[in-house]
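Notes to accompany the following structure.
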Amino acid sequence: MATPKLLDVVRDRLRAHHYTVRTEKAYLQWIRRYIRFHAGQHPRDLRSAEVERFLTHLAVERRVAAATQNQALAAILFLYKKVYDVEIGWVDGVVRAKTSEHVPVVLSREEVARLLGFMTGTEWLVCSLLYGSGIRLTECLELRVKDLRFDYKDITVRAGKGSKDRVTILPARLIPPLQDQLGRVRAVFDADREAGRGGVAVPHALHRKYPDAPVSWGWQYVFPSRGLCRDPASGRWLRSHVDQRQIQRAMQRAVRQSGLVQHASCHTLRHSFATHLLESGYDIRTVQELLGHADVNYLPSRTMSRVGLASLIDTGMSATRRDIVRVLTGVSGTRADGRRVDTGQACPAVA
(Lines give C-alpha, C1' and ligand atoms only; values in the text may rest on other atoms or scores of the structure.)
Protein backbone atom coordinates (compact mmCIF):
# COMPACT_ATOMS: atom_id res chain seq x y z
CA MET A 1 0.00 0.00 0.00
CA ALA A 2 1.42 3.37 -1.05
CA THR A 3 2.44 5.79 1.70
CA PRO A 4 0.16 8.85 1.66
CA LYS A 5 1.75 12.14 0.69
CA LEU A 6 2.55 14.60 3.45
CA LEU A 7 0.12 17.30 2.32
CA ASP A 8 -2.67 14.73 2.04
CA VAL A 9 -2.00 13.68 5.64
CA VAL A 10 -2.02 17.34 6.76
CA ARG A 11 -5.28 17.94 4.89
CA ASP A 12 -6.92 14.94 6.54
CA ARG A 13 -5.75 16.07 9.98
CA LEU A 14 -7.05 19.60 9.39
CA ARG A 15 -10.46 18.22 8.44
CA ALA A 16 -10.43 15.93 11.46
CA HIS A 17 -10.05 19.05 13.63
CA HIS A 18 -12.84 20.82 11.69
CA TYR A 19 -10.74 23.66 10.31
CA THR A 20 -12.42 25.78 7.66
CA VAL A 21 -11.66 25.39 3.96
CA ARG A 22 -9.95 28.80 3.92
CA THR A 23 -7.69 27.85 6.84
CA GLU A 24 -6.95 24.51 5.20
CA LYS A 25 -5.80 26.20 2.00
CA ALA A 26 -3.72 28.76 3.90
CA TYR A 27 -1.97 26.16 6.10
CA LEU A 28 -1.17 23.90 3.14
CA GLN A 29 0.26 26.86 1.25
CA TRP A 30 2.54 27.83 4.18
CA ILE A 31 3.76 24.27 4.64
CA ARG A 32 4.64 24.10 0.94
CA ARG A 33 6.58 27.37 1.21
CA TYR A 34 8.35 26.14 4.35
CA ILE A 35 9.52 22.99 2.56
CA ARG A 36 10.61 24.92 -0.57
CA PHE A 37 12.55 27.44 1.54
CA HIS A 38 14.62 24.56 2.92
CA ALA A 39 15.28 23.17 -0.58
CA GLY A 40 12.85 20.29 -0.30
CA GLN A 41 14.13 18.87 2.99
CA HIS A 42 11.56 16.76 4.79
CA PRO A 43 10.01 18.62 7.76
CA ARG A 44 10.82 15.62 10.00
CA ASP A 45 14.51 16.57 9.64
CA LEU A 46 13.93 20.23 10.54
CA ARG A 47 13.56 21.70 14.00
CA SER A 48 13.34 25.04 15.83
CA ALA A 49 16.38 26.61 14.18
CA GLU A 50 14.97 25.99 10.70
CA VAL A 51 11.57 27.32 11.73
CA GLU A 52 13.25 30.47 13.06
CA ARG A 53 15.16 30.96 9.80
CA PHE A 54 11.99 30.68 7.73
CA LEU A 55 9.97 33.06 9.90
CA THR A 56 12.84 35.56 10.07
CA HIS A 57 13.09 35.40 6.27
CA LEU A 58 9.40 36.32 6.02
CA ALA A 59 9.82 39.35 8.29
CA VAL A 60 13.19 40.67 7.04
CA GLU A 61 13.31 39.81 3.35
CA ARG A 62 9.66 39.36 2.41
CA ARG A 63 8.55 42.17 4.79
CA VAL A 64 5.24 40.48 5.55
CA ALA A 65 2.76 41.81 8.11
CA ALA A 66 2.79 40.48 11.66
CA ALA A 67 -0.52 38.69 11.11
CA THR A 68 0.91 36.93 8.04
CA GLN A 69 3.97 35.78 9.97
CA ASN A 70 1.78 34.54 12.80
CA GLN A 71 -0.34 32.54 10.34
CA ALA A 72 2.80 30.91 8.92
CA LEU A 73 3.94 30.01 12.44
CA ALA A 74 0.52 28.55 13.26
CA ALA A 75 0.63 26.36 10.14
CA ILE A 76 4.10 25.04 10.98
CA LEU A 77 3.20 24.38 14.61
CA PHE A 78 0.13 22.47 13.44
CA LEU A 79 2.36 20.34 11.22
CA TYR A 80 4.67 19.37 14.04
CA LYS A 81 2.16 19.10 16.90
CA LYS A 82 -0.83 17.52 15.17
CA VAL A 83 0.81 15.53 12.36
CA TYR A 84 4.21 14.54 13.79
CA ASP A 85 3.28 14.83 17.49
CA VAL A 86 6.54 16.69 18.09
CA GLU A 87 7.10 19.72 20.30
CA ILE A 88 9.62 22.04 18.65
CA GLY A 89 9.86 24.32 21.68
CA TRP A 90 9.33 28.04 21.94
CA VAL A 91 10.76 29.85 18.93
CA ASP A 92 12.76 32.61 20.66
CA GLY A 93 15.21 33.65 17.97
CA VAL A 94 12.67 34.78 15.40
CA VAL A 95 12.77 38.35 14.15
CA ARG A 96 9.12 39.25 14.53
CA ALA A 97 7.33 41.37 11.95
CA LYS A 98 6.42 44.75 13.38
CA THR A 99 2.82 44.98 14.47
CA SER A 100 1.12 47.97 12.87
CA GLU A 101 -1.59 49.81 14.71
CA HIS A 102 -3.91 51.16 12.05
CA VAL A 103 -6.95 53.24 12.84
CA PRO A 104 -9.87 51.43 11.15
CA VAL A 105 -11.69 53.29 8.41
CA VAL A 106 -15.18 54.35 9.45
CA LEU A 107 -17.67 55.93 7.07
CA SER A 108 -20.25 58.48 8.12
CA ARG A 109 -23.93 57.67 7.76
CA GLU A 110 -24.11 59.94 4.71
CA GLU A 111 -21.16 58.14 3.10
CA VAL A 112 -22.70 54.71 3.75
CA ALA A 113 -25.97 55.85 2.16
CA ARG A 114 -24.13 57.25 -0.86
CA LEU A 115 -22.03 54.11 -1.22
CA LEU A 116 -25.00 51.73 -1.14
CA GLY A 117 -26.77 53.96 -3.65
CA PHE A 118 -24.29 52.80 -6.29
CA MET A 119 -25.10 49.11 -5.74
CA THR A 120 -27.94 46.93 -6.96
CA GLY A 121 -29.18 43.37 -6.67
CA THR A 122 -27.38 40.79 -4.58
CA GLU A 123 -24.37 43.05 -3.99
CA TRP A 124 -26.60 45.79 -2.53
CA LEU A 125 -28.46 43.34 -0.30
CA VAL A 126 -25.28 41.72 1.03
CA CYS A 127 -23.58 45.04 1.78
CA SER A 128 -26.75 46.39 3.37
CA LEU A 129 -26.70 43.40 5.72
CA LEU A 130 -23.04 44.01 6.54
CA TYR A 131 -23.88 47.53 7.69
CA GLY A 132 -27.33 46.83 9.10
CA SER A 133 -26.32 43.74 11.13
CA GLY A 134 -22.58 44.13 11.62
CA ILE A 135 -21.74 40.65 10.34
CA ARG A 136 -18.58 39.72 8.48
CA LEU A 137 -18.67 39.12 4.72
CA THR A 138 -18.03 35.37 5.04
CA GLU A 139 -20.67 35.12 7.77
CA CYS A 140 -23.19 36.83 5.51
CA LEU A 141 -22.51 34.64 2.49
CA GLU A 142 -22.70 31.48 4.62
CA LEU A 143 -26.15 32.31 6.01
CA ARG A 144 -28.72 29.54 5.57
CA VAL A 145 -32.46 30.03 5.13
CA LYS A 146 -33.09 28.79 8.67
CA ASP A 147 -30.77 31.45 10.12
CA LEU A 148 -33.19 34.28 9.27
CA ARG A 149 -36.07 34.85 11.68
CA PHE A 150 -38.33 37.53 10.27
CA ASP A 151 -40.79 37.48 13.18
CA TYR A 152 -38.07 38.15 15.74
CA LYS A 153 -36.05 40.35 13.37
CA ASP A 154 -32.80 38.57 14.15
CA ILE A 155 -30.07 36.64 12.39
CA THR A 156 -28.25 33.64 13.82
CA VAL A 157 -24.58 33.59 12.83
CA ARG A 158 -23.33 30.03 13.08
CA ALA A 159 -19.71 29.01 13.54
CA GLY A 160 -18.44 32.56 13.26
CA LYS A 161 -14.91 33.58 14.13
CA GLY A 162 -13.66 31.24 16.82
CA SER A 163 -16.39 28.72 15.85
CA LYS A 164 -18.89 30.59 18.01
CA ASP A 165 -22.60 31.14 17.32
CA ARG A 166 -24.28 34.44 18.07
CA VAL A 167 -27.47 36.36 17.34
CA THR A 168 -27.57 39.83 15.85
CA ILE A 169 -30.28 42.17 14.59
CA LEU A 170 -32.09 41.86 11.26
CA PRO A 171 -33.03 45.27 9.83
CA ALA A 172 -36.78 45.47 9.28
CA ARG A 173 -36.20 47.50 6.11
CA LEU A 174 -34.35 44.54 4.58
CA ILE A 175 -37.07 41.98 5.28
CA PRO A 176 -39.03 42.56 2.00
CA PRO A 177 -35.92 42.32 -0.25
CA LEU A 178 -34.73 39.27 1.71
CA GLN A 179 -38.11 37.60 1.22
CA ASP A 180 -37.87 38.34 -2.51
CA GLN A 181 -34.37 36.84 -2.50
CA LEU A 182 -35.63 33.69 -0.81
CA GLY A 183 -38.36 33.44 -3.44
CA ARG A 184 -35.70 33.36 -6.16
CA VAL A 185 -33.61 30.88 -4.18
CA ARG A 186 -36.67 28.64 -3.78
CA ALA A 187 -37.18 28.55 -7.55
CA VAL A 188 -33.57 27.43 -8.07
CA PHE A 189 -33.90 24.91 -5.23
CA ASP A 190 -37.07 23.39 -6.71
CA ALA A 191 -35.46 23.16 -10.17
CA ASP A 192 -32.43 21.40 -8.69
CA ARG A 193 -34.63 18.92 -6.86
CA GLU A 194 -36.64 18.11 -9.98
CA ALA A 195 -33.43 17.55 -11.95
CA GLY A 196 -31.93 15.41 -9.19
CA ARG A 197 -28.95 17.68 -8.68
CA GLY A 198 -27.73 20.31 -6.27
CA GLY A 199 -27.84 20.24 -2.52
CA VAL A 200 -25.41 22.04 -0.23
CA ALA A 201 -22.53 21.10 2.02
CA VAL A 202 -23.44 20.77 5.69
CA PRO A 203 -21.08 21.06 8.67
CA HIS A 204 -18.89 18.11 9.62
CA ALA A 205 -20.68 14.73 9.49
CA LEU A 206 -24.20 16.09 9.82
CA HIS A 207 -25.18 14.53 6.50
CA ARG A 208 -24.68 11.08 8.05
CA LYS A 209 -26.96 11.87 10.98
CA TYR A 210 -29.50 13.71 8.82
CA PRO A 211 -29.11 12.39 5.24
CA ASP A 212 -31.77 14.77 3.90
CA ALA A 213 -30.15 17.91 5.35
CA PRO A 214 -28.16 18.83 2.18
CA VAL A 215 -31.37 18.87 0.12
CA SER A 216 -33.71 20.37 2.73
CA TRP A 217 -34.98 23.92 2.30
CA GLY A 218 -33.75 25.24 5.66
CA TRP A 219 -30.13 24.37 4.93
CA GLN A 220 -29.97 26.17 1.57
CA TYR A 221 -27.77 29.27 1.28
CA VAL A 222 -29.51 32.64 1.29
CA PHE A 223 -27.06 33.77 -1.41
CA PRO A 224 -26.39 30.67 -3.56
CA SER A 225 -23.94 30.49 -6.43
CA ARG A 226 -25.22 30.43 -9.99
CA GLY A 227 -23.60 27.12 -10.86
CA LEU A 228 -22.60 23.90 -9.15
CA CYS A 229 -19.10 23.22 -7.86
CA ARG A 230 -17.24 20.18 -6.58
CA ASP A 231 -17.12 19.95 -2.80
CA PRO A 232 -13.44 19.50 -1.78
CA ALA A 233 -14.39 17.28 1.17
CA SER A 234 -16.85 14.88 -0.44
CA GLY A 235 -16.09 15.28 -4.14
CA ARG A 236 -19.83 15.73 -4.88
CA TRP A 237 -21.25 18.46 -7.11
CA LEU A 238 -23.09 20.91 -4.85
CA ARG A 239 -24.40 24.45 -4.93
CA SER A 240 -22.18 26.73 -2.90
CA HIS A 241 -22.72 30.37 -1.94
CA VAL A 242 -21.82 33.50 -3.88
CA ASP A 243 -18.07 34.04 -4.24
CA GLN A 244 -16.91 36.76 -1.88
CA ARG A 245 -14.82 38.29 -4.65
CA GLN A 246 -18.03 39.22 -6.47
CA ILE A 247 -19.11 41.32 -3.49
CA GLN A 248 -15.64 42.78 -2.96
CA ARG A 249 -15.42 43.90 -6.59
CA ALA A 250 -18.88 45.49 -6.37
CA MET A 251 -17.79 47.30 -3.22
CA GLN A 252 -14.70 48.72 -4.89
CA ARG A 253 -16.73 49.88 -7.89
CA ALA A 254 -19.18 51.64 -5.58
CA VAL A 255 -16.32 53.31 -3.70
CA ARG A 256 -14.93 54.72 -6.96
CA GLN A 257 -18.30 55.76 -8.34
CA SER A 258 -19.38 57.45 -5.11
CA GLY A 259 -16.21 59.53 -4.97
CA LEU A 260 -15.10 58.32 -1.54
CA VAL A 261 -11.43 58.98 -0.84
CA GLN A 262 -11.18 56.52 2.07
CA HIS A 263 -9.79 53.05 1.44
CA ALA A 264 -13.11 51.39 2.22
CA SER A 265 -13.78 47.65 2.01
CA CYS A 266 -16.63 45.34 2.95
CA HIS A 267 -15.22 45.16 6.48
CA THR A 268 -15.47 48.95 6.71
CA LEU A 269 -19.25 48.57 6.84
CA ARG A 270 -18.86 46.41 9.96
CA HIS A 271 -16.59 49.04 11.55
CA SER A 272 -19.16 51.71 10.68
CA PHE A 273 -21.97 49.62 12.19
CA ALA A 274 -20.16 49.38 15.53
CA THR A 275 -19.06 53.02 15.60
CA HIS A 276 -22.49 54.39 14.75
CA LEU A 277 -24.13 52.22 17.42
CA LEU A 278 -21.73 53.54 20.07
CA GLU A 279 -22.34 57.10 18.89
CA SER A 280 -26.06 56.48 19.20
CA GLY A 281 -25.91 55.32 22.81
CA TYR A 282 -25.56 51.54 22.65
CA ASP A 283 -23.91 49.98 25.68
CA ILE A 284 -20.41 48.85 24.68
CA ARG A 285 -21.02 45.30 25.93
CA THR A 286 -24.12 45.03 23.74
CA VAL A 287 -22.10 46.09 20.71
CA GLN A 288 -19.40 43.62 21.71
CA GLU A 289 -21.98 40.83 21.78
CA LEU A 290 -23.52 41.78 18.45
CA LEU A 291 -20.09 41.78 16.81
CA GLY A 292 -19.11 38.46 18.38
CA HIS A 293 -15.98 39.86 20.03
CA ALA A 294 -14.56 38.30 23.20
CA ASP A 295 -12.56 40.77 25.27
CA VAL A 296 -11.08 39.88 28.68
CA ASN A 297 -11.05 43.56 29.64
CA TYR A 298 -14.81 43.45 30.14
CA LEU A 299 -16.91 41.44 32.53
CA PRO A 300 -18.72 38.49 30.94
CA SER A 301 -21.73 40.04 29.30
CA ARG A 302 -25.14 38.81 30.32
CA THR A 303 -27.67 37.72 27.73
CA MET A 304 -28.94 40.98 26.27
CA SER A 305 -32.58 41.31 25.34
CA ARG A 306 -32.99 42.46 21.75
CA VAL A 307 -36.65 43.28 22.05
CA GLY A 308 -37.16 46.81 20.77
CA LEU A 309 -33.68 47.20 19.28
CA ALA A 310 -33.64 48.76 15.83
CA SER A 311 -30.89 48.51 13.25
CA LEU A 312 -29.31 51.72 12.01
CA ILE A 313 -30.57 50.84 8.57
CA ASP A 314 -34.16 51.23 9.82
CA THR A 315 -33.86 54.73 11.30
CA GLY A 316 -34.87 56.59 8.15
CA MET A 317 -34.08 60.08 6.88
CA SER A 318 -36.34 61.74 9.40
CA ALA A 319 -34.97 59.91 12.44
CA THR A 320 -32.74 61.99 14.71
CA ARG A 321 -30.19 60.66 17.13
CA ARG A 322 -32.76 61.22 19.89
CA ASP A 323 -35.08 58.75 18.14
CA ILE A 324 -32.35 56.13 17.94
CA VAL A 325 -31.48 56.50 21.62
CA ARG A 326 -35.16 56.22 22.57
CA VAL A 327 -35.42 52.91 20.72
CA LEU A 328 -32.17 51.51 22.11
CA THR A 329 -32.37 52.60 25.74
CA GLY A 330 -35.99 53.56 26.32
CA VAL A 331 -34.86 56.99 27.58
CA SER A 332 -34.91 59.83 25.07
CA GLY A 333 -31.58 61.58 24.76
CA THR A 334 -29.91 59.57 27.55
CA ARG A 335 -27.30 56.82 27.30
CA ALA A 336 -27.31 53.62 29.30
CA ASP A 337 -24.93 55.24 31.83
CA GLY A 338 -27.31 58.16 32.35
CA ARG A 339 -25.25 60.77 30.48
CA ARG A 340 -26.83 63.03 27.90
CA VAL A 341 -26.26 62.41 24.20
CA ASP A 342 -26.01 65.01 21.47
CA THR A 343 -29.31 64.62 19.63
CA GLY A 344 -28.93 67.24 16.97
CA GLN A 345 -27.49 65.21 14.10
CA ALA A 346 -29.89 63.46 11.74
CA CYS A 347 -29.26 59.86 10.71
CA PRO A 348 -29.85 59.41 6.96
CA ALA A 349 -31.68 56.50 5.44
CA VAL A 350 -29.71 53.80 3.72
CA ALA A 351 -30.79 53.70 0.11
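Quick note on naming: the chains in the C-alpha coordinates go A, B, ... in the order shown, residues restart at 1 in each chain, and ligands are numbered from 1 in order of appearance.
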
If we count only C-alpha atoms and set the cut-off at 10 Å, which residues sit around segment 39-47 of chain A, ignoring sequence neighbours fewer than 3 positions away in its own chain? Please answer as a count of residues only.
19

As a PyMOL selection string, which residues of segment 128-321 of chain A does DSSP assign to helix (DSSP H, G or I)?
chain A and resi 128-133+137-141+145-147+172-195+206-209+213-215+217-219+244-258+266-279+284-291+312-314+321

With only C-alpha atoms as the basis for distance, which of A:Val167, A:Val10, A:Leu137, A:Leu290 is at the shortest distance from Ala75 of chain A?
A:Val10

With only C-alpha atoms as the counted atoms, please give the residues lying no more than 7 Å from Ile175 of chain A, apart from itself and same-chain residues fewer than 4 positions off, as a PyMOL selection string.
chain A and resi 150+171+179

So that I can check the surroundings of Ala66 of chain A, please list as a count of residues only every protein, DNA and RNA residue that reaches within 9 Å of it, counting only C-alpha atoms and ignoring chain neighbours fewer than 2 positions away.
11

In terms of the shortest atom-to-atom distance over only C-alpha atoms, which of A:Phe273, A:Glu289, A:Asp12, A:Lys25 is closest to Ser133 of chain A?
A:Phe273

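With only C-alpha atoms as the atoms that count, the minimum distance from Arg13 of chain A to the choices A:Trp30, A:Phe78, A:Phe189, A:Phe54 is reached by A:Phe78.
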
With only C-alpha atoms as the counted atoms, please give the residues lying no more than 12 Å from Trp124 of chain A, apart from itself and same-chain residues fewer than 4 positions off, as a ChimeraX atom specification.
/A:112-120,128-132,174,177-178,181,246-248,250-251,253-254,266,350-351

Mind checking which residues fall within 10 Å of Val145 of chain A, counting only C-alpha atoms, ignoring those fewer than 6 positions away in the same chain, and posting them as a VMD selection string?
chain A and resid 182 185 to 186 217 to 223

Expressed in Å, the length from atom CA of Ala67 of chain A to atom CA of Val94 of chain A is 14.4 Å
